[in-house]
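Worksheet for the structure shown next.
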Amino acid sequence: MSAATNTSSRWTPYALSLPALALFALMVLLPLALTALLSIQQYDAEKGVQGGYTLASYALVLGDSYYYEIFFRTGWVAALVTLICVLVGAPEAYILSRMGKPWRSIFLLVVLAPLLVSVVVRAFGWSLLLGPNGVVNQVFGALGIGVVKMLYTPTAVVVALVHVMLPFMVIPVWTSLQKLDPMVESAALSLQASQWTVMRRIVLPQITPGLLSGSLIVFGLSASALVIPGLLGGRRLKMVATVIYDEYLQELNWPLGAAIALALLVVNLVVMLTYNAVLEGGYARRMGRS
Amino acid sequence: MTRTGPVAMAFHACVTVFMLAPLVIVCLVAFTPENTLSIPWGTYSLRWFRAVFEHSDLMHSFWNSLGVATVAATLSVALAVPAGIAIARYEFRGRQALNGLLLSPLIVPHLVLGVAMLRLFALVGARGSTTWLALAHVVIVTPYALRLTVAALAGLDRSAEQAALSLGASHLTVFRRITLPLMLPGITGGWMLAFINSFDEVTMSIFVTSPQTVTLPVRMYMIATESIDPMMAAVSALMVAVTAAAMIVLDRLYGLDKVLVGQH
């Protein structure tokens, strides 16, 4: 590297990254530290945040079945969304990768472009589709099924979350499929392997890393989604994100909101790290053995 | 070689309809002449678009969002280009940590960033300040600008730089005349992606905006939680149109599939 001959170059990368680092220290690290501090501050319903320190907010979250229920509901919704995204996103990415020249990039854009449209617009679109007079219920009516209540139920939340998250699953699976040589599949087929065996022994191992990272992103984003449950879940269907919103902007019990937000962050990171360690470890072992 | 069977094609058609349905429906309903959320059959009307342009709160939020997104995208590129050069071109202690920190807004939920920044804003009295709101947006969109900068540098053929240096050009001249022009598609792509993401951001902004600084998606969220009428569909259709226009520009400049797939 040419710059390495320069004596001052040891400090060059630090000087180059200093402005970005300063902003992130001020706007990410400091606020997170302040929030951690806030979560152990005393709170009084009449007087607001007090000077003393206490673990009361955490005790409240851990000791109340109301919060268990909300964490549990958020967990299963995020897990279900992740599962559906795997079952839909992986085959879709595979079909896309096998398409011919112009169609492949056109449909890749169709699947991925909604990513760039604001989530409020997409949530609103789903509320139009799933409402009592919406298109979906009109189709159900024409089929003789009758009106099904979907809006303001977990169904609407799951459907809309899958719509928002699917691109995050298709992208990593698509990326890992790009590294798969189609000749390997052809070779296996010509050696009398069944289509099923090719899928199980060649395609699936190839896309496993993509499925893993896609699942992590989808789970993490679903568990912390605010707008979709806020607009499609209604007032009674509480999720962790909407409870944090309520504590901060309506109840004004910031220490409790901070405690739940940090719990969400920690649970998120723990799920990501263990999932990663367990499945990637297993994946590495399997690959090592075969 | 392509053996896509009928089952696969039907599956693919369902996924395509599923992905497009909510966007298509808001664009259709936006043209309804009725007072209700209905799909217009035969008669179309622009009355709800006129209602949007006459809605002073919405228009105020729109201009505010446009300003915040422009400032945030520009600042994030100004920070991400030097930081990206450091990360892509130098080996130094803390390089991985720096990269992780600058990409962290992709992993730390925007909700958590939002409440954390709300605490900071409350302590320094920054609520209601557009400058601080724009800085918060810089944090959210810097990962996109950074990744495209690093990708641009990684794909850059260094022989032209070395040739210029061996012919006596200074480091500054090499950067200004060779490196920067070669990085330009990546930088403009990063700016556009940062702009779109800032313009669309809602989860963090809900916490850090105040009545004077409400951005368009936050205003839409607030309206939608109270009542929904066809005006919401008209705003949504306009947002889809703005995004589509930005996507076309982005595609011409950089290649949309590269941006989207590289986004992961």
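Scheme for the structure tokens: letters A, B, ... for chains in order shown; per-chain residue numbers from 1; ligand numbers from 1 in order shown.
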(request) Determine which residues of chain B sit within 6 Å of chain A, taking into account only C-alpha atoms, and present them as a ChimeraX atom specification. (result) /B:2,22,26,79,82-83,86,112,116-117,120,200,236,261
Might you pull out every residue within 12 Å of Asp57 in chain B, with only C-alpha atoms counted and same-chain residues fewer than 6 positions away left off, and present them as a PDB file with C-alpha atoms, in the first residue's frame?
ATOM      1  CA  ALA B  51     -57.462  17.306  -0.591  1.00  0.00           C
ATOM      2  CA  TRP B  63     -41.513  19.689   2.856  1.00  0.00           C
ATOM      3  CA  ASN B  64     -39.996  18.907   6.248  1.00  0.00           C
ATOM      4  CA  PRO B 211     -45.375  18.796  16.479  1.00  0.00           C
ATOM      5  CA  GLN B 212     -43.202  21.307  14.546  1.00  0.00           C
ATOM      6  CA  THR B 213     -40.871  18.665  13.055  1.00  0.00           C
ATOM      7  CA  VAL B 214     -43.246  15.806  12.208  1.00  0.00           C
ATOM      8  CA  THR B 215     -42.099  14.018   9.051  1.00  0.00           C
ATOM      9  CA  LEU B 216     -44.518  12.784   6.389  1.00  0.00           C
ATOM     10  CA  VAL B 218     -45.061   9.973  11.022  1.00  0.00           C
ATOM     11  CA  ARG B 219     -47.908  12.336  10.090  1.00  0.00           C
ATOM     12  CA  MET B 220     -49.455   9.533   8.028  1.00  0.00           C
ATOM     13  CA  MET B 222     -50.788   9.631  13.260  1.00  0.00           C
ATOM     14  CA  ILE B 223     -53.653  10.205  10.814  1.00  0.00           C
TER      15      ILE B 223
END
(request) Could you check how far CA of Leu238 in chain B sits from CA of Tyr144 in chain B, in Å to one decimal? (result) 24.1 Å
(message) Using DSSP assignments from the backbone, pull out every residue in range 81-251 of chain B that falls under alpha helix (DSSP H) and give it to me as a PyMOL selection string.
(response) chain B and resi 81-89+95-103+110-124+130-154+159-166+171-174+180-200+203-208+216-226+230-251
(request) Excluding Ile70 in chain A and residues on its chain fewer than 6 positions from it, collect all residues at most 9 Å away from it, counting only C-alpha atoms, and give them as a count of residues only. (result) 5
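Summary of the local environment: counting only C-alpha atoms, residues at most 8 Å from Leu103 in chain B, other than itself and those fewer than 4 positions away along its chain, are B:Asn99, B:Ile107, B:Thr142, B:Pro143.
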With C-alpha atoms retained, write the just-selected residues as a PDB file, in the first residue's frame.
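Wrote selection32.pdb, looks like this:
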ATOM      1  CA  ASN B  99     -17.294  -1.076  10.950  1.00  0.00           C
ATOM      2  CA  ILE B 107     -29.136  -4.486  13.828  1.00  0.00           C
ATOM      3  CA  THR B 142     -25.131   6.040   7.208  1.00  0.00           C
ATOM      4  CA  PRO B 143     -24.945   2.193   6.963  1.00  0.00           C
TER       5      PRO B 143
END
(request) Would you mind listing what lies within 9 Å of Ala152 in chain B as a PyMOL selection string, with only C-alpha atoms counted and same-chain residues fewer than 2 positions away left out? (result) chain B and resi 147-150+154-156+182-187
Hey, what does DSSP flag as strand (DSSP E or B) within range 13-248 of chain A? Can you give it to me as a tab-separated table (two decimals) with C-alpha atoms, in the first residue's frame?
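Written output follows (out.tsv):
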chain	number	residue	atom	x	y	z
A	41	GLN	CA	-34.05	5.36	37.96
A	42	GLN	CA	-36.93	5.73	40.38
A	43	TYR	CA	-40.28	6.71	38.98
A	44	ASP	CA	-43.22	8.26	40.73
A	48	GLY	CA	-42.07	11.61	37.29
A	49	VAL	CA	-38.45	10.46	37.20
A	50	GLN	CA	-36.68	10.75	40.57
A	51	GLY	CA	-33.01	10.95	41.50
A	52	GLY	CA	-32.63	7.59	43.25
A	53	TYR	CA	-31.77	4.25	41.69
(message) I'd like the neighbourhood of Ser198 in chain B as a PyMOL selection string, where a residue qualifies if any of its atoms comes within 7 Å (using only C-alpha atoms), though same-chain residues fewer than 4 positions away should be ignored.
(response) chain B and resi 69+137+141+194
